Amino acid sequence: MKKNKLQHMVFLLIVLLTACQSLKHENKGNGPAAVTSTKNIDTQPDYSKSHIENVLVNHVPVSITRNVIEDSNGHIWIASWEGVFKYNGHSFQHITKDVSQARFFAIMEDSRNNFWLASIGSGVFYYDGQSFKNYNTSNGLINDRVTNIFEDKAGRIWFGTEGGISIFDGTTFRHLTTADGLSDNRVNSIIEDAMGKFWIGTMGQAVIYDPTFGTFTDIVNDDGQFFNNVRQVMISSKGDVWLAGSNGLWCYNHISFTQYSPQFTGFVFEDSSGNILTSSSGSTPDLWVLTLFSENHWFSTEILEEKGMIFGVLKDTFGQIWYGTLNGLYRFDGKSIYHYVTHN
């Protein structure tokens, strides 16, 4: 393994001190009242360093890697522009090598332990562990550029695409678009809350969809401003709603909205201990930040790279942090960062 002398990390400990006084604003429609506070933070660098080491393997993506998940068996799945790969703890397997040359964007394991693979341009691939089935515009999908997949409590599969939302009940599709009240057809993220309402992040405005009445409600802050370009909505084990996107990182605890960071945030993930892990932009175009929020403390790792931008982030069963970038897959063990590269 070779140490990359061109890259290094700076570890920062950021302690959240006090919350500003909340400001209330009534929201229109059936959505939550937009009560907003912003955290004051104090930054204390300790300047410890860690090297990035290249790990040579046979099969791994080395270009844009959008999504990383851990399945029910503890295997790591990676969606990339070069296909879908699986890591079993010892080696990587190129799952879609003989199926499609599509650029893959997202992966979801459903409640029946089957996998749904979202692609940009080729629709969705359903994989039961043995064979694949492709769903696209020719057999019901609303758009072939699929960016996210979600399974609701009823077992229906929701596909967020660049042309609206498709909902699949196992037999037929139904669709939601701007014609139905969706704010923007370019859908980034979908999640269902405890009340059966769906929080939807789009390239336009974030909205809440109430399937009982078929209505959409805009989500706004205390100034009446929309949450724009929300890249991900995540509901934590506590029931808090986290929104990550162009407006930074926000959390709604069913009483108020709190902004945790004004920086563009591309991804938010909750680990098995209830810690919140995010990726966000840094102070320069080449600087992206991995942040772990635990017990009212931020632990941030700033990563300086020749190619910035962190996409899907995962903290696995063993506490290893995996993330995708513009130039492939990385793993962080708390001390060193490992970049997976191929023989080619």
# chains A, B, ... in the order shown; residues from 1 in each chain; ligands from 1

call {"tool": "residues_around", "arguments": {"residues": "A:Asn136", "least_positions_apart": "3", "cutoff": "10 Å", "atoms": "only C-alpha atoms", "output": "PyMOL selection string"}}
result
chain A and resi 121-125+133+139-146

call {"tool": "residues_around", "arguments": {"residues": "stretch 184-198 of chain A", "least_positions_apart": "4", "cutoff": "10 Å", "atoms": "only C-alpha atoms", "output": "ChimeraX atom specification"}}
result
/A:31,145-154,158-165,176-179,202-212,216,229-236,239-241,243,245

call {"tool": "write_last_selection", "arguments": {"atoms": "C-alpha atoms", "output": "PDB file, in the first residue's frame"}}
result
ATOM      1  CA  GLY A  31     -47.151  20.932   7.383  1.00  0.00           C
ATOM      2  CA  ARG A 145     -33.187   8.559 -14.734  1.00  0.00           C
ATOM      3  CA  VAL A 146     -33.711   7.265 -11.186  1.00  0.00           C
ATOM      4  CA  THR A 147     -31.904   8.902  -8.268  1.00  0.00           C
ATOM      5  CA  ASN A 148     -33.410   7.316  -5.144  1.00  0.00           C
ATOM      6  CA  ILE A 149     -35.529   4.396  -3.945  1.00  0.00           C
ATOM      7  CA  PHE A 150     -37.665   4.013  -0.822  1.00  0.00           C
ATOM      8  CA  GLU A 151     -39.952   1.287   0.565  1.00  0.00           C
ATOM      9  CA  ASP A 152     -42.955   2.503   2.552  1.00  0.00           C
ATOM     10  CA  LYS A 153     -44.666   0.789   5.489  1.00  0.00           C
ATOM     11  CA  ALA A 154     -47.109  -0.952   3.148  1.00  0.00           C
ATOM     12  CA  TRP A 158     -41.148   4.596  -4.371  1.00  0.00           C
ATOM     13  CA  PHE A 159     -38.796   5.707  -7.129  1.00  0.00           C
ATOM     14  CA  GLY A 160     -37.607   9.307  -7.198  1.00  0.00           C
ATOM     15  CA  THR A 161     -36.647  10.225 -10.750  1.00  0.00           C
ATOM     16  CA  GLU A 162     -35.813  13.275 -12.826  1.00  0.00           C
ATOM     17  CA  GLY A 163     -39.382  13.165 -14.145  1.00  0.00           C
ATOM     18  CA  GLY A 164     -41.395  12.747 -10.948  1.00  0.00           C
ATOM     19  CA  ILE A 165     -42.200   9.883  -8.576  1.00  0.00           C
ATOM     20  CA  LEU A 176     -46.816  11.869  -8.808  1.00  0.00           C
ATOM     21  CA  THR A 177     -45.609  14.934 -10.733  1.00  0.00           C
ATOM     22  CA  THR A 178     -45.893  18.710 -10.729  1.00  0.00           C
ATOM     23  CA  ALA A 179     -49.326  18.219 -12.294  1.00  0.00           C
ATOM     24  CA  THR A 202     -36.386  17.913  -4.751  1.00  0.00           C
ATOM     25  CA  MET A 203     -34.119  20.125  -6.818  1.00  0.00           C
ATOM     26  CA  GLY A 204     -36.791  22.759  -6.198  1.00  0.00           C
ATOM     27  CA  GLN A 205     -38.600  22.998  -2.872  1.00  0.00           C
ATOM     28  CA  ALA A 206     -38.925  20.341  -0.170  1.00  0.00           C
ATOM     29  CA  VAL A 207     -42.525  19.290   0.466  1.00  0.00           C
ATOM     30  CA  ILE A 208     -44.652  16.995   2.615  1.00  0.00           C
ATOM     31  CA  TYR A 209     -47.091  14.720   0.796  1.00  0.00           C
ATOM     32  CA  ASP A 210     -50.245  13.567   2.580  1.00  0.00           C
ATOM     33  CA  PRO A 211     -51.555  10.475   0.734  1.00  0.00           C
ATOM     34  CA  THR A 212     -54.874  10.609   2.598  1.00  0.00           C
ATOM     35  CA  PHE A 216     -48.489  18.667  -0.966  1.00  0.00           C
ATOM     36  CA  ASN A 229     -32.396  21.584  -3.389  1.00  0.00           C
ATOM     37  CA  VAL A 230     -32.732  19.185  -0.457  1.00  0.00           C
ATOM     38  CA  ARG A 231     -30.453  16.291  -1.376  1.00  0.00           C
ATOM     39  CA  GLN A 232     -31.559  13.993   1.415  1.00  0.00           C
ATOM     40  CA  VAL A 233     -34.273  13.686   4.043  1.00  0.00           C
ATOM     41  CA  MET A 234     -33.592  11.243   6.883  1.00  0.00           C
ATOM     42  CA  ILE A 235     -35.765  10.349   9.884  1.00  0.00           C
ATOM     43  CA  SER A 236     -33.724   9.289  12.902  1.00  0.00           C
ATOM     44  CA  GLY A 239     -38.244  10.483  15.018  1.00  0.00           C
ATOM     45  CA  ASP A 240     -36.391  13.706  14.213  1.00  0.00           C
ATOM     46  CA  VAL A 241     -36.388  14.772  10.570  1.00  0.00           C
ATOM     47  CA  LEU A 243     -32.838  17.794   5.878  1.00  0.00           C
ATOM     48  CA  GLY A 245     -28.996  20.341   0.979  1.00  0.00           C
TER      49      GLY A 245
END

call {"tool": "atom_distance", "arguments": {"atom1": "atom CA of A:Trp242", "atom2": "atom CA of A:Phe299"}}
result
17.7 Å

call {"tool": "select_by_dssp", "arguments": {"residues": "stretch 127-186 of chain A", "states": "helix (DSSP H, G or I)", "output": "mmCIF file with N, CA and C atoms, in the first residue's frame"}}
result
data_model
loop_
_atom_site.group_PDB
_atom_site.id
_atom_site.type_symbol
_atom_site.label_atom_id
_atom_site.label_comp_id
_atom_site.auth_asym_id
_atom_site.auth_seq_id
_atom_site.Cartn_x
_atom_site.Cartn_y
_atom_site.Cartn_z
ATOM 1 N N THR A 137 -39.304 3.012 -18.703
ATOM 2 C CA THR A 137 -40.495 3.688 -19.224
ATOM 3 C C THR A 137 -41.324 2.798 -20.144
ATOM 4 N N SER A 138 -40.733 1.742 -20.674
ATOM 5 C CA SER A 138 -41.488 0.856 -21.566
ATOM 6 C C SER A 138 -42.447 -0.049 -20.809
ATOM 7 N N ASN A 139 -42.216 -0.238 -19.497
ATOM 8 C CA ASN A 139 -43.129 -1.096 -18.728
ATOM 9 C C ASN A 139 -43.646 -0.430 -17.450
ATOM 10 N N THR A 178 -45.487 17.327 -10.985
ATOM 11 C CA THR A 178 -45.893 18.710 -10.729
ATOM 12 C C THR A 178 -47.368 18.924 -11.068
ATOM 13 N N ALA A 179 -47.902 18.116 -11.961
ATOM 14 C CA ALA A 179 -49.326 18.219 -12.294
ATOM 15 C C ALA A 179 -50.204 17.862 -11.101
ATOM 16 N N ASP A 180 -49.652 17.084 -10.161
ATOM 17 C CA ASP A 180 -50.386 16.698 -8.953
ATOM 18 C C ASP A 180 -50.078 17.611 -7.768
#

call {"tool": "atom_distance", "arguments": {"atom1": "atom CA of A:Ser279", "atom2": "atom CA of A:Thr265"}}
result
5.8 Å

call {"tool": "residues_around", "arguments": {"residues": "A:Gly324", "least_positions_apart": "6", "cutoff": "8 Å", "atoms": "only C-alpha atoms", "output": "ChimeraX atom specification"}}
result
/A:64-68,310-313,330
